[in-house]
Structures are given as structure tokens and as C-alpha cells.
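Engineer: This one is run22.cif, mmCIF, C-alpha atoms.
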```cif
data_upload
loop_
_atom_site.label_atom_id
_atom_site.label_comp_id
_atom_site.auth_asym_id
_atom_site.auth_seq_id
_atom_site.Cartn_x
_atom_site.Cartn_y
_atom_site.Cartn_z
CA MET C 4 0.00 0.00 0.00
CA ALA C 5 2.76 2.40 0.96
CA GLN C 6 4.61 1.50 -2.22
CA GLU C 7 1.54 2.25 -4.33
CA LYS C 8 1.21 5.65 -2.70
CA HIS C 9 4.87 6.34 -3.33
CA TYR C 10 4.45 5.43 -6.95
CA GLU C 11 1.40 7.68 -7.27
CA ASP C 12 3.39 10.57 -5.83
CA PHE C 13 6.20 9.72 -8.20
CA ILE C 14 3.91 9.72 -11.24
CA SER C 15 2.21 12.89 -10.04
CA PHE C 16 5.61 14.53 -9.86
CA MET C 17 6.28 13.45 -13.43
CA LYS C 18 2.99 14.83 -14.73
CA ASN C 19 3.04 18.08 -12.74
CA ASN C 20 6.42 18.97 -13.99
CA SER C 21 5.40 18.19 -17.58
CA ALA C 22 8.94 17.19 -18.35
CA LYS C 23 9.87 14.72 -20.98
CA LYS C 24 11.46 11.79 -19.30
CA THR C 25 14.69 12.31 -21.20
CA LEU C 26 15.08 15.94 -20.10
CA ALA C 27 17.83 16.30 -17.54
CA TYR C 28 17.03 18.58 -14.61
CA GLY C 29 17.07 18.57 -10.85
CA LEU C 30 14.34 19.42 -8.40
CA ASP C 31 15.67 19.22 -4.89
CA VAL C 32 14.98 22.67 -3.50
CA GLU C 33 13.10 21.34 -0.48
CA TYR C 34 15.81 18.86 0.31
CA SER C 35 18.53 21.47 -0.02
CA LYS C 36 16.65 23.71 2.40
CA GLN C 37 16.48 20.91 4.92
CA MET C 38 20.16 20.20 4.56
CA ARG C 39 21.05 23.85 5.08
CA LYS C 40 18.96 23.94 8.25
CA GLY C 41 21.54 21.84 9.86
CA SER C 42 21.38 18.17 9.13
CA SER C 43 23.61 16.14 11.35
CA SER C 44 25.90 13.53 10.03
CA THR C 45 26.83 10.58 12.12
CA ILE C 46 30.52 10.09 12.23
CA LEU C 47 32.75 7.69 14.01
CA ARG C 48 34.78 9.53 16.60
CA ASN C 49 37.94 8.29 18.27
CA THR C 50 36.03 7.54 21.45
CA GLY C 51 32.35 6.71 21.77
CA GLU C 52 30.64 5.93 18.50
CA THR C 53 27.65 8.15 17.84
CA GLN C 54 25.94 5.35 15.95
CA SER C 55 24.37 3.04 18.48
CA VAL C 56 22.85 0.63 16.03
CA ILE C 57 24.42 -1.22 13.17
CA PRO C 58 22.76 -1.16 9.76
CA LYS C 59 21.86 -4.65 8.69
CA ASP C 60 24.09 -4.58 5.65
CA SER C 61 27.28 -3.99 7.60
CA TYR C 62 27.11 -7.32 9.39
CA SER C 63 25.02 -9.44 7.09
CA PHE C 64 27.98 -10.83 5.14
CA SER C 65 27.02 -8.43 2.43
CA SER C 66 29.32 -9.81 -0.26
CA PHE C 67 27.33 -13.07 -0.46
CA ASN C 68 24.03 -11.26 -0.24
CA SER C 69 25.12 -8.68 -2.83
CA THR C 70 26.00 -11.41 -5.32
CA ARG C 71 22.67 -13.09 -4.66
CA GLN C 72 20.80 -9.83 -5.15
CA PHE C 73 22.67 -9.14 -8.38
CA ILE C 74 21.86 -12.56 -9.82
CA GLN C 75 18.20 -12.32 -8.80
CA LEU C 76 17.91 -8.91 -10.43
CA GLU C 77 19.47 -10.16 -13.62
CA LYS C 78 17.25 -13.22 -13.70
CA SER C 79 14.16 -11.08 -13.13
CA PHE C 80 15.23 -8.67 -15.86
CA ARG C 81 15.87 -11.44 -18.35
CA SER C 82 12.52 -13.08 -17.59
CA GLN C 83 10.60 -9.80 -17.98
CA ILE C 84 12.37 -8.91 -21.23
CA ASP C 85 11.44 -12.32 -22.65
CA LYS C 86 7.80 -11.77 -21.76
CA ASN C 87 7.72 -8.19 -23.08
CA PRO C 88 10.08 -8.04 -26.06
CA GLY C 89 8.57 -4.85 -27.48
CA TYR C 90 9.25 -2.62 -24.48
CA PHE C 91 12.71 -1.62 -25.61
CA GLY C 92 12.24 -1.37 -29.34
CA ASP C 93 15.00 -2.90 -31.44
CA GLN C 94 17.75 -2.64 -28.87
CA SER C 95 19.73 -5.83 -28.53
CA HIS C 96 19.17 -7.86 -25.39
CA TYR C 97 22.89 -7.91 -24.78
CA ILE C 98 23.12 -4.10 -24.67
CA LEU C 99 20.01 -3.83 -22.52
CA GLN C 100 21.44 -6.36 -20.10
CA GLU C 101 24.77 -4.55 -19.88
CA LYS C 102 22.98 -1.26 -19.18
CA MET C 103 20.85 -2.92 -16.55
CA LYS C 104 23.96 -4.36 -14.90
CA THR C 105 25.43 -0.86 -14.68
CA SER C 106 22.53 0.62 -12.73
CA ALA C 107 22.00 -2.56 -10.70
CA GLU C 108 25.63 -2.57 -9.63
CA LEU C 109 25.48 1.10 -8.70
CA ILE C 110 22.46 0.46 -6.51
CA LEU C 111 24.03 -2.64 -4.95
CA SER C 112 27.05 -0.56 -3.91
CA TYR C 113 24.65 1.07 -1.42
CA CYS C 114 24.00 -2.33 0.18
CA PRO C 115 20.19 -2.21 -0.06
CA GLU C 116 18.22 -4.34 2.36
CA ASN C 117 15.63 -5.40 -0.22
CA ILE C 118 15.61 -4.68 -3.92
CA SER C 119 13.44 -5.50 -6.91
CA LEU C 120 13.04 -4.29 -10.45
CA GLN C 121 10.26 -3.97 -12.96
CA ILE C 122 10.61 -3.11 -16.63
CA THR C 123 8.10 -0.63 -17.99
CA ASN C 124 6.53 -0.02 -21.38
CA GLU C 125 8.33 3.33 -21.35
CA GLY C 126 11.59 1.51 -22.04
CA SER C 127 12.87 1.83 -18.52
CA ILE C 128 13.80 -0.23 -15.50
CA PHE C 129 12.02 0.76 -12.31
CA TYR C 130 14.04 -0.22 -9.22
CA THR C 131 12.55 -0.28 -5.75
CA PHE C 132 14.83 -0.73 -2.76
CA THR C 133 14.92 -0.05 0.94
CA LYS C 134 17.70 1.15 3.17
CA LYS C 135 17.70 2.27 6.80
CA GLY C 136 14.06 3.24 6.81
CA TYR C 137 14.18 4.90 3.38
CA SER C 138 12.19 3.65 0.40
CA ILE C 139 14.04 4.57 -2.78
CA TYR C 140 12.82 4.41 -6.35
CA ILE C 141 15.06 4.80 -9.36
CA GLN C 142 13.77 4.72 -12.92
CA HIS C 143 16.59 4.09 -15.36
CA PHE C 144 15.67 4.92 -18.95
CA LEU C 145 17.30 2.75 -21.57
CA ILE C 146 15.97 4.65 -24.55
CA ASP C 147 18.44 4.64 -27.38
CA GLU C 148 17.67 8.09 -28.74
CA TYR C 149 20.62 10.17 -27.68
CA ASP C 150 24.35 9.73 -27.72
CA ASP C 151 24.59 11.06 -24.20
CA SER C 152 24.52 8.97 -21.06
CA ASP C 153 21.37 7.25 -19.85
CA GLU C 154 18.91 9.31 -17.85
CA ALA C 155 17.18 8.43 -14.63
CA ILE C 156 14.73 9.70 -12.03
CA LEU C 157 15.21 9.30 -8.32
CA SER C 158 12.56 9.47 -5.62
CA ILE C 159 13.18 8.99 -1.90
CA PHE C 160 10.60 8.44 0.80
CA ARG C 161 10.85 7.97 4.53
CA GLY C 162 7.56 6.51 5.67
CA ASP C 163 5.02 8.56 3.75
CA ASP C 164 7.23 11.64 3.50
CA ASN C 165 8.56 12.35 0.04
CA LEU C 166 12.04 13.66 0.74
CA LEU C 167 13.45 14.06 -2.73
CA ASN C 168 12.58 13.90 -6.38
CA TYR C 169 15.38 14.33 -8.86
CA GLY C 170 15.90 13.74 -12.57
CA GLY C 171 19.16 13.73 -14.44
CA ASN C 172 21.76 11.51 -15.98
CA LEU C 173 22.64 8.31 -14.17
CA SER C 174 25.78 9.70 -12.59
CA SER C 175 24.08 12.81 -11.17
CA VAL C 176 21.18 10.75 -9.83
CA PHE C 177 23.57 8.60 -7.82
CA SER C 178 25.41 11.68 -6.63
CA GLU C 179 22.11 12.91 -5.21
CA LEU C 180 21.44 9.54 -3.65
CA SER C 181 24.84 9.71 -1.98
CA LYS C 182 23.67 12.76 -0.05
CA PHE C 183 21.41 10.37 1.87
CA ILE C 184 23.36 7.14 1.87
CA VAL C 185 27.09 6.68 1.52
CA PRO C 186 27.95 3.75 -0.75
CA ASN C 187 30.15 0.91 0.43
CA THR C 188 30.04 2.09 4.05
CA TYR C 189 27.53 1.90 6.83
CA THR C 190 27.75 5.57 7.60
CA VAL C 191 24.47 7.42 7.42
CA LEU C 192 24.06 11.09 6.68
CA GLU C 193 20.99 11.76 8.79
CA GLN C 194 18.60 14.63 8.26
CA VAL C 195 17.39 16.48 11.36
CA MET J 19 25.89 -37.83 19.61
CA GLU J 20 23.32 -38.44 16.89
CA LEU J 21 23.19 -35.54 14.46
CA PRO J 22 19.84 -34.42 13.03
CA LYS J 23 19.42 -34.61 9.26
CA LYS J 24 17.10 -31.63 9.19
CA ILE J 25 15.85 -28.89 11.50
CA SER J 26 12.97 -26.49 11.00
CA PRO J 27 13.21 -23.57 11.22
CA ASP J 28 16.92 -23.73 10.39
CA TYR J 29 17.72 -19.98 10.77
CA ILE J 30 20.45 -20.45 8.14
CA LYS J 31 21.36 -17.14 6.53
CA GLU J 32 24.29 -18.36 4.41
CA ALA J 33 25.74 -21.75 3.53
CA VAL J 34 29.01 -21.20 1.71
CA ILE J 35 31.19 -23.93 0.23
CA GLU J 36 34.53 -22.92 -1.23
CA VAL J 37 36.89 -25.24 -3.07
CA ARG J 38 40.33 -24.16 -4.24
CA TYR J 39 42.33 -25.77 -6.99
CA THR J 40 45.50 -25.52 -8.99
CA SER J 41 45.71 -25.49 -12.74
CA GLN J 42 48.39 -25.03 -15.35
CA THR J 43 46.04 -22.94 -17.51
CA SER J 44 45.80 -19.18 -17.07
CA PRO J 45 42.68 -17.99 -15.20
CA GLU J 46 41.36 -15.86 -18.08
CA ILE J 47 41.48 -18.85 -20.43
CA LEU J 48 40.01 -21.17 -17.83
CA LEU J 49 36.98 -18.90 -17.59
CA GLY J 50 36.16 -19.47 -21.25
CA ILE J 51 36.74 -23.21 -20.96
CA PHE J 52 34.46 -23.49 -17.92
CA TYR J 53 31.81 -21.36 -19.63
CA GLN J 54 31.76 -23.68 -22.63
CA ALA J 55 31.51 -26.76 -20.43
CA PHE J 56 28.21 -25.72 -18.77
CA ASP J 57 24.97 -26.33 -20.66
CA ASP J 58 21.95 -24.06 -21.09
CA SER J 59 20.49 -24.95 -17.72
CA TRP J 60 23.17 -22.65 -16.31
CA TYR J 61 23.47 -18.93 -16.88
CA TYR J 62 26.64 -16.92 -16.98
CA THR J 63 26.96 -13.32 -15.91
CA ASN J 64 29.56 -10.95 -14.55
CA ARG J 65 29.36 -7.96 -12.32
CA PRO J 66 30.60 -4.74 -13.87
CA ASN J 67 33.80 -3.26 -12.54
CA GLN J 68 32.95 0.19 -11.26
CA SER J 69 33.31 2.30 -8.18
CA VAL J 70 31.07 5.08 -6.93
CA THR J 71 32.89 8.09 -5.56
CA PRO J 72 30.54 11.06 -5.65
CA SER J 73 32.21 14.28 -4.66
CA SER J 74 29.29 15.05 -2.32
CA ILE J 75 30.64 12.60 0.26
CA PRO J 76 32.37 14.44 3.10
CA SER J 77 36.05 13.60 3.19
CA PHE J 78 35.92 12.15 6.71
CA VAL J 79 33.57 9.40 5.63
CA GLN J 80 35.12 8.57 2.30
CA GLU J 81 36.48 5.11 1.98
CA LEU J 82 38.64 3.79 -0.77
CA THR J 83 36.93 1.02 -2.68
CA ILE J 84 38.83 -0.97 -5.22
CA ARG J 85 37.50 -3.87 -7.19
CA VAL J 86 40.11 -5.51 -9.35
CA GLY J 87 38.49 -7.21 -12.35
CA THR J 88 34.91 -8.31 -12.65
CA GLU J 89 33.20 -11.07 -10.69
CA SER J 90 32.28 -13.98 -12.93
CA LEU J 91 29.20 -15.96 -11.94
CA LEU J 92 27.39 -19.07 -13.04
CA TYR J 93 23.95 -19.88 -11.68
CA ASN J 94 20.88 -22.04 -12.07
CA ASP J 95 17.63 -21.88 -10.11
CA LYS J 96 19.20 -23.49 -7.03
CA ILE J 97 22.81 -22.39 -6.59
CA ASN J 98 25.28 -19.68 -7.57
CA ILE J 99 28.95 -20.22 -8.33
CA SER J 100 31.50 -17.42 -8.11
CA LEU J 101 34.42 -18.17 -10.39
CA LEU J 102 37.41 -16.67 -8.65
CA GLN J 103 41.05 -17.16 -9.46
CA ASN J 104 41.82 -20.75 -8.45
CA SER J 105 38.63 -21.02 -6.44
CA PHE J 106 34.92 -21.76 -6.78
CA VAL J 107 32.52 -20.39 -4.19
CA PHE J 108 29.09 -22.00 -3.98
CA THR J 109 26.09 -20.31 -2.34
CA CYS J 110 22.36 -20.90 -2.55
CA PHE J 111 20.42 -18.92 -5.15
CA SER J 112 17.80 -17.93 -2.62
CA ASN J 113 17.09 -19.55 0.77
CA TYR J 114 19.02 -22.59 1.99
CA ILE J 115 17.83 -25.62 0.02
CA GLY J 116 18.90 -28.34 2.45
CA TRP J 117 22.13 -30.32 2.40
CA GLU J 118 20.95 -33.19 0.19
CA ASP J 119 19.86 -30.91 -2.65
CA TYR J 120 22.77 -28.54 -2.13
CA ILE J 121 25.51 -31.17 -2.36
CA LYS J 122 23.76 -32.69 -5.37
CA GLU J 123 23.99 -29.39 -7.25
CA ILE J 124 27.58 -28.85 -6.13
CA GLU J 125 28.51 -32.33 -7.29
CA LYS J 126 26.97 -31.68 -10.73
CA ALA J 127 29.01 -28.50 -11.07
CA LEU J 128 32.24 -30.07 -9.81
CA ARG J 129 31.95 -32.91 -12.31
CA ILE J 130 31.54 -30.39 -15.11
CA PHE J 131 34.66 -28.54 -13.95
CA GLU J 132 36.51 -31.83 -13.77
CA SER J 133 35.41 -32.80 -17.27
CA THR J 134 37.42 -29.89 -18.70
CA THR J 135 40.59 -31.75 -17.52
CA ARG J 136 42.10 -28.40 -16.54
CA ILE J 137 42.02 -28.90 -12.78
CA LYS J 138 45.33 -30.31 -11.64
CA GLN J 139 44.61 -30.66 -7.93
CA TRP J 140 42.00 -29.66 -5.36
CA THR J 141 43.87 -28.05 -2.50
CA ARG J 142 41.44 -26.62 0.04
CA ILE J 143 37.84 -26.89 1.18
CA GLY J 144 35.87 -24.40 3.25
CA VAL J 145 32.39 -25.00 4.66
CA ARG J 146 30.83 -22.02 6.37
CA TYR J 147 27.33 -21.82 7.83
CA ILE J 148 25.99 -18.56 9.21
CA SER J 149 22.80 -18.65 11.25
CA GLU J 150 20.84 -15.59 12.25
CA TYR J 151 18.43 -15.43 15.21
CA PRO J 152 16.25 -12.33 15.39
CA GLU J 153 15.18 -11.26 18.87
CA LEU J 154 16.81 -14.26 20.55
CA ASP J 155 19.47 -14.24 23.22
CA LEU J 156 22.44 -16.35 22.22
CA GLN J 157 22.61 -17.79 25.72
CA SER J 158 19.20 -19.36 25.19
CA ILE J 159 20.47 -20.90 21.93
CA ILE J 160 24.06 -21.89 22.56
CA LYS J 161 26.03 -23.16 25.51
CA PHE J 162 27.90 -19.89 25.73
CA ASN J 163 28.62 -17.66 28.65
CA PHE J 164 30.73 -14.56 28.51
CA SER J 165 32.08 -12.71 31.47
CA PHE J 166 35.27 -10.85 32.29
CA GLY J 167 36.98 -9.42 35.37
CA LEU J 168 33.82 -7.71 36.65
CA PRO J 169 31.24 -10.53 37.00
CA GLU J 170 28.51 -8.18 38.20
CA ILE J 171 28.48 -6.50 34.78
CA LYS J 172 26.07 -7.95 32.24
CA SER J 173 26.93 -7.12 28.60
CA ASN J 174 24.25 -5.54 26.43
CA SER J 175 25.78 -7.07 23.31
CA THR J 176 28.75 -9.35 22.76
CA SER J 177 30.98 -10.36 19.88
CA PHE J 178 33.20 -13.37 20.28
CA LYS J 179 35.68 -14.98 17.89
CA SER J 180 37.76 -18.07 18.30
CA GLU J 181 40.04 -20.02 15.97
CA PHE J 182 40.96 -23.58 16.82
CA THR J 183 41.72 -26.96 15.34
CA TYR J 184 39.02 -29.62 15.33
CA LYS J 185 39.71 -33.10 13.89
CA ASN J 186 42.52 -31.82 11.64
CA CYS J 187 40.47 -28.90 10.36
CA LYS J 188 40.90 -25.24 11.14
CA VAL J 189 37.71 -23.75 12.59
CA ILE J 190 36.78 -20.09 12.85
CA LEU J 191 33.91 -19.56 15.24
CA ASN J 192 32.12 -16.21 15.44
CA LEU J 193 29.33 -15.60 17.90
CA LYS J 194 27.42 -12.36 18.23
CA ASN J 195 24.81 -11.81 20.88
CA HIS J 196 22.04 -9.22 21.00
CA ILE J 197 23.49 -6.94 18.32
CA PRO J 198 21.17 -3.99 17.55
CA ILE J 199 20.49 -3.89 13.83
CA LEU J 200 18.64 -1.15 11.95
CA VAL J 201 16.12 -2.64 9.50
CA GLN J 202 13.08 -1.35 7.69
CA ASN J 203 9.68 -2.29 9.02
CA SER J 204 7.85 -3.77 6.03
CA ALA J 205 4.48 -2.45 7.17
CA THR J 206 5.36 1.11 8.12
CA LYS J 207 8.44 1.48 5.89
CA ASN J 208 10.17 3.17 8.80
CA GLY J 209 13.48 2.11 10.28
CA GLU J 210 13.38 0.13 13.48
CA VAL J 211 15.91 -1.59 15.69
CA VAL J 212 15.82 -5.37 15.87
CA TYR J 213 18.23 -7.37 18.02
CA TYR J 214 20.00 -10.25 16.29
CA SER J 215 22.19 -13.06 17.49
CA ILE J 216 24.48 -14.85 15.05
CA SER J 217 26.46 -18.03 14.95
CA ASP J 218 29.07 -18.36 12.23
CA ILE J 219 31.08 -21.57 11.96
CA ASP J 220 33.73 -21.90 9.26
CA VAL J 221 35.42 -25.30 8.86
CA ILE J 222 38.53 -25.38 6.66
CA ALA J 223 40.45 -28.36 5.37
CA ASP J 224 43.74 -27.11 3.96
CA ASN J 225 46.90 -28.51 2.33
CA LEU J 226 44.96 -31.11 0.37
CA LYS J 227 46.25 -32.92 -2.71
CA ILE J 228 43.08 -34.36 -4.17
CA GLU J 229 43.06 -35.25 -7.83
CA ASN J 230 39.52 -36.43 -8.46
CA VAL J 231 36.02 -35.22 -7.64
CA ASP J 232 34.94 -38.44 -5.90
CA GLU J 233 37.58 -37.97 -3.24
CA LEU J 234 36.84 -34.24 -3.11
CA LEU J 235 33.17 -34.89 -2.41
CA ILE J 236 34.06 -37.25 0.43
CA GLU J 237 36.18 -34.50 1.99
CA ILE J 238 33.44 -31.88 1.51
CA LYS J 239 30.93 -34.16 3.23
CA GLU J 240 33.43 -34.75 6.02
CA CYS J 241 33.83 -31.00 6.54
CA HIS J 242 30.07 -30.62 6.52
CA ASN J 243 29.81 -33.35 9.16
CA LYS J 244 32.32 -31.53 11.35
CA GLU J 245 30.33 -28.34 10.86
CA LYS J 246 27.24 -30.16 12.12
CA GLU J 247 29.11 -31.73 15.04
CA LEU J 248 30.28 -28.31 16.15
CA PHE J 249 26.91 -26.63 15.65
CA PHE J 250 24.85 -29.30 17.37
CA GLY J 251 27.55 -29.73 19.97
CA ILE J 252 27.28 -26.14 21.17
CA ILE J 253 23.53 -25.74 20.82
CA GLN J 254 21.30 -25.83 23.90
CA GLU J 255 19.18 -28.97 24.08
CA ASN J 256 15.96 -27.11 24.78
CA PHE J 257 16.52 -24.90 21.77
CA LEU J 258 17.31 -27.92 19.60
CA LYS J 259 13.97 -29.46 20.54
CA SER J 260 12.23 -26.29 19.36
CA LEU J 261 13.78 -26.80 15.90
CA ASN J 262 11.83 -30.04 15.30
CA PRO J 263 14.93 -32.12 14.53
CA GLN J 264 14.53 -35.03 12.14
CA TYR J 265 16.95 -37.92 12.54
#
```
For this file, produce the structure as C-alpha cells.

Structural biologist:
Amino acid sequence: MAQEKHYEDFISFMKNNSAKKTLAYGLDVEYSKQMRKGSSSTILRNTGETQSVIPKDSYSFSSFNSTRQFIQLEKSFRSQIDKNPGYFGDQSHYILQEKMKTSAELILSYCPENISLQITNEGSIFYTFTKKGYSIYIQHFLIDEYDDSDEAILSIFRGDDNLLNYGGNLSSVFSELSKFIVPNTYTVLEQV
Amino acid sequence: MELPKKISPDYIKEAVIEVRYTSQTSPEILLGIFYQAFDDSWYYTNRPNQSVTPSSIPSFVQELTIRVGTESLLYNDKINISLLQNSFVFTCFSNYIGWEDYIKEIEKALRIFESTTRIKQWTRIGVRYISEYPELDLQSIIKFNFSFGLPEIKSNSTSFKSEFTYKNCKVILNLKNHIPILVQNSATKNGEVVYYSISDIDVIADNLKIENVDELLIEIKECHNKEKELFFGIIQENFLKSLNPQY
């Protein structure tokens, strides 16, 4: 139910901004305001760690789980492509798979707790994953229209609060994501 | 002590089997040879080699991440195989499938590797089972008591590691008790703290000189037996009863 609401907010954002999905832009004014207010970041000091709980990924033997997640994503992607061959036009399956592996690997570097993907008839992969109480949605567009890098849209929720919506190329989207979650570490940049 | 064949629930988070080998063929060529040897019931993939270093990360939390080369993987609907240099690492595709099915799949894969005639010797076996117990105190699960010079102090959480030799195998035992873990509540989508206890037993048979898969499988099963002896040897009897053991 919560995921459906998040997706409705996500789609509403898309429609309200009347932006073509391949247009690169950012919309994070609200988030930036919050950050400037004085977000705290948890850091590890020399004595007395400020983080009293351990994120699940940092102990859960994440290398095995990460490999498992990667394989399950790839298997799901392959299965969905086979069932919906027209979603990505004439692009070769090999290229689509390699593109998917790029975004999947980027997401997995954030050690998500749960992750799934869905391909859409817009020629995109819609990832849903959770991390430390955040629900994060990334739509990676694999449309082969431009020579530039792939574009993506990021949406972050905590509970029912929509914290961030951002659209841009893949690299900038993950840069925005890194303002919330640091990849390959268990450090959290908390908002106040 | 009679060892159960099956317990339910098993609480097994990971069951990792690693076998190391020597070969006179270069690793990059071996990869192609192994790929060709597996039929269409197996899928091959590799994980891209990339690192994420956004400049937005404050310098005091940056960590250097290096991945050298890609990770090559073979998988079917039951198990995954990581193809490392001179090593195969087997894990379950999803949840633990039980030893009988697991060793069957591993045997199938090992025989395919052997059929390439490129494996000179099998040199090391590792069998590692990691069990995870949410909201359970390790002292109610395992015959384990931890205290130090101040006996009146009761630890809120404990991590314990021991390495020892057991029946000619090296064993690495990790126990963690009442560790607070931040997870997402699936209903509310908010983060919440759940306390986990973990037992992690890694049994390693090293310095082997095995030249055929039949002998290798015997050794793997032996290591698995030792794993079970250790696990069921340290488990509390009352807790074992709650796992509905089948003999």
C-alpha cells in the first residue's frame, strides 16, 4: 500500500512537472533547504561511536548477499524482457542487459536491504529498494535516442514523506542519492 | 551424539562452500573453458567493474573502494557459483535448500569442472554456515557464557571470535549476541531496531592434494559433518527441541 502511494506521488511529480522523461534537470529545493537547516551527520569519533545501532548490511555478510541480489535482479530482468520483447524497441538484449547491470551494480554498492526491479513499457527499469528506513525508487531509462549517457529519475521516501525527487543523468542521480546514503560504508548522513 | 538430518526452522542465513584448486592454464582462459563446459540450464553473468565516488561525500567518511576485475558468476535456479582465481565459491540462489539438494547441485558443477581436464589438484575446502536469530538471546540458543573481570556486569551485546583446530580442520567460530540492527519495518516502511544473534562456523580443510572429484566430495561431506558436530555440539538442548529435529 505504501509503495503504491509512493508510486502515485512519483507519477504525479512526473505529470506536474510536464517534463519529458529524457530531459535532464534537478528538483531538490526542499531537500537542499532541509540540509542547510543543519542536518547532522553521524561520524565515528575516536572515542564513543555516535551510531548506536548497526545497519543490517554492515554485518550481514554483504558480499554473499550482494551477489545473490545481483543474480536475482538479472534473472528477473531477463525473464521480464522475454515476456515483453517490445518494451525496448529494437535494442539488442545484450546491450540492454549490460545497461541494466550498470545501474543494478550502482544500486548494490549502497547495500540495499531489499531490492526488486520492474521493466516498464516506457523503455525503462524501475528499481525499488529499501535502506535504513528509506524507500528509494530509481527509474533508469534505456531509450536509445541520444548519444549522451542514460537518464534516470530518483525518488526517496521515509515513511510517507517524500524527501526528494530528482531527474538527471545516471551519474548525477547517484550523486544525489549519496547525499542520503554513503555507498560501500555503513555511515548514514541523517537529516534532522 | 546423533546428528539431526534436518531442523525447522533452520535460521540459516548463508551456507558457503569454497573449493580451491591448482591449474596449469591461465585464469582468463580457464573462464572461457568453464563457460563452454556448462549447458543451457546454467546462466553466466559478470558484475561490472565500477566504483562510486561522488564528490558530495564528506572527506571524513570517504572510503577507498577498489575492485580488481569483474566477478564472474554461473547460476541455475538453485545455486550460484562465483568463479574466482583458483577457487569456486558456492552459495544458494535464494534460501538454503537443504544439504541433500545442495551437495547434489555442487557435485553436478564439480563434475563439469573436472570434465574440462584443466584442474590439476583440489587443494582446500571451506564449509561455512551462518545462522541468524532475530530477537533471541544467544545464551538461550548456545552453551555460551561470557564474562570478564567484573562478574557483576552484564553485557548488552557481545561479539566473540575463536580459531581452533578440530579433527585436523581449522575452525573459525564467530558468535554475536544481541546486536542492535537497523532494519526497515515492512508495514510502516520506517526504520526500526531489531536485536539479532548470530552463529558463524567456518570449517577449513587445507593442504589437500586431491586429484579427483569423488575424493573431493568425500572430503566436503566430512567438513560438513564436522560443521554439524560443532553446531549441534554447542547448541542448547531445549533450543534444539524447538527446531523439530529429524533424525

Engineer: With the file shown as input, list the residues that the PyMOL selection byres ((chain C and resi 157) around 9) selects, as a ChimeraX atom specification.

Structural biologist: /C:139-143,155-156,158-159,167-171,176-177,179-180

Engineer: Just so the selection is clear, what residues does the PyMOL selection byres ((chain C and resi 122-135) around 7) cover here, as a JSON list (two decimals) with C-alpha atoms, keeping the file's coordinate frame?

Structural biologist:
```
[["chain", "number", "residue", "atom", "x", "y", "z"],
["C", 58, "PRO", "CA", 22.76, -1.16, 9.76],
["C", 83, "GLN", "CA", 10.60, -9.80, -17.98],
["C", 90, "TYR", "CA", 9.25, -2.62, -24.48],
["C", 91, "PHE", "CA", 12.71, -1.62, -25.61],
["C", 115, "PRO", "CA", 20.19, -2.21, -0.06],
["C", 116, "GLU", "CA", 18.22, -4.34, 2.36],
["C", 117, "ASN", "CA", 15.63, -5.40, -0.22],
["C", 118, "ILE", "CA", 15.61, -4.68, -3.92],
["C", 119, "SER", "CA", 13.44, -5.50, -6.91],
["C", 120, "LEU", "CA", 13.04, -4.29, -10.45],
["C", 121, "GLN", "CA", 10.26, -3.97, -12.96],
["C", 136, "GLY", "CA", 14.06, 3.24, 6.81],
["C", 137, "TYR", "CA", 14.18, 4.90, 3.38],
["C", 138, "SER", "CA", 12.19, 3.65, 0.40],
["C", 139, "ILE", "CA", 14.04, 4.57, -2.78],
["C", 140, "TYR", "CA", 12.82, 4.41, -6.35],
["C", 141, "ILE", "CA", 15.06, 4.80, -9.36],
["C", 142, "GLN", "CA", 13.77, 4.72, -12.92],
["C", 143, "HIS", "CA", 16.59, 4.09, -15.36],
["C", 144, "PHE", "CA", 15.67, 4.92, -18.95],
["C", 145, "LEU", "CA", 17.30, 2.75, -21.57],
["C", 146, "ILE", "CA", 15.97, 4.65, -24.55],
["J", 200, "LEU", "CA", 18.64, -1.15, 11.95],
["J", 201, "VAL", "CA", 16.12, -2.64, 9.50],
["J", 202, "GLN", "CA", 13.08, -1.35, 7.69],
["J", 209, "GLY", "CA", 13.48, 2.11, 10.28]]
```

Engineer: To one decimal place, how far is CA of Lys126 (chain J) from CA of Phe80 (chain C) in Å?

Structural biologist: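 CA of Lys126 (chain J) sits 26.3 Å away from CA of Phe80 (chain C).
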
Engineer: Quick check on the file I pasted: which residues fall under the PyMOL selection byres ((chain J and resi 134-139) around 10)? Write them as a PyMOL selection string.

Structural biologist: chain J and resi 38-44+48+51-52+54-55+104+129-133+140-142+226-231+234

Engineer: Find the spatial neighbours of Cys241 (chain J), counting all atoms listed in the file, within a cut-off of 8 Å - ignore same-chain residues fewer than 2 positions away - and output them as a PyMOL selection string.

Structural biologist: chain J and resi 143-145+187+221-223+237-239+243-245

Engineer: Extract, using only C-alpha atoms, all DNA, RNA and protein residues at most 9 Å from Phe250 (chain J), discarding same-chain residues fewer than 4 positions from it, and format them as a ChimeraX atom specification.

Structural biologist: /J:19,21-22,245-246,254-255,258

Engineer: Name the residues in contact with Phe162 (chain J) at a cut-off of 12 Å, using all atoms listed in the file, excluding same-chain residues fewer than 3 positions from it; report them as JSON, numbers by chain.

Structural biologist: {"J": [155, 156, 157, 158, 159, 165, 176, 177, 178, 192, 193, 194, 195, 217, 251, 252, 253, 254]}

Engineer: Step by step, gather every atom of region 128-137 of chain C that the file lists, find the box along x, y and z that holds them, add 6 Å on each side, and finally give centre and edge lengths in Å to one decimal, as AutoDock Vina command-line options.

Structural biologist:
```
--center_x 14.9 --center_y 2.1 --center_z -4.3 --size_x 17.7 --size_y 17.6 --size_z 34.3
```

Engineer: Rounded to one decimal, what separation in Å do you get between CA of Leu235 (chain J) and CA of Ile121 (chain J)?

Structural biologist: 8.5 Å

Engineer: Could you tell me how far CA of Ser106 (chain C) lies from CA of Ile148 (chain J), in Å and to one decimal?

Structural biologist: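 One can read the CA of Ser106 (chain C) to CA of Ile148 (chain J) distance as 29.3 Å.
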
Engineer: Counting all atoms listed in the file, which of C:His96, C:Glu108, C:Cys114, C:Asn172 gets nearest to chain J?

Structural biologist: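 Of all the options, C:Glu108 lies closest to chain J.
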
Engineer: Nearest to chain J: which of C:Asp93, C:Asp85, C:Glu77, C:Asp153 is it, counting all atoms listed in the file?

Structural biologist: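 For chain J, the nearest of the given residues is C:Glu77.
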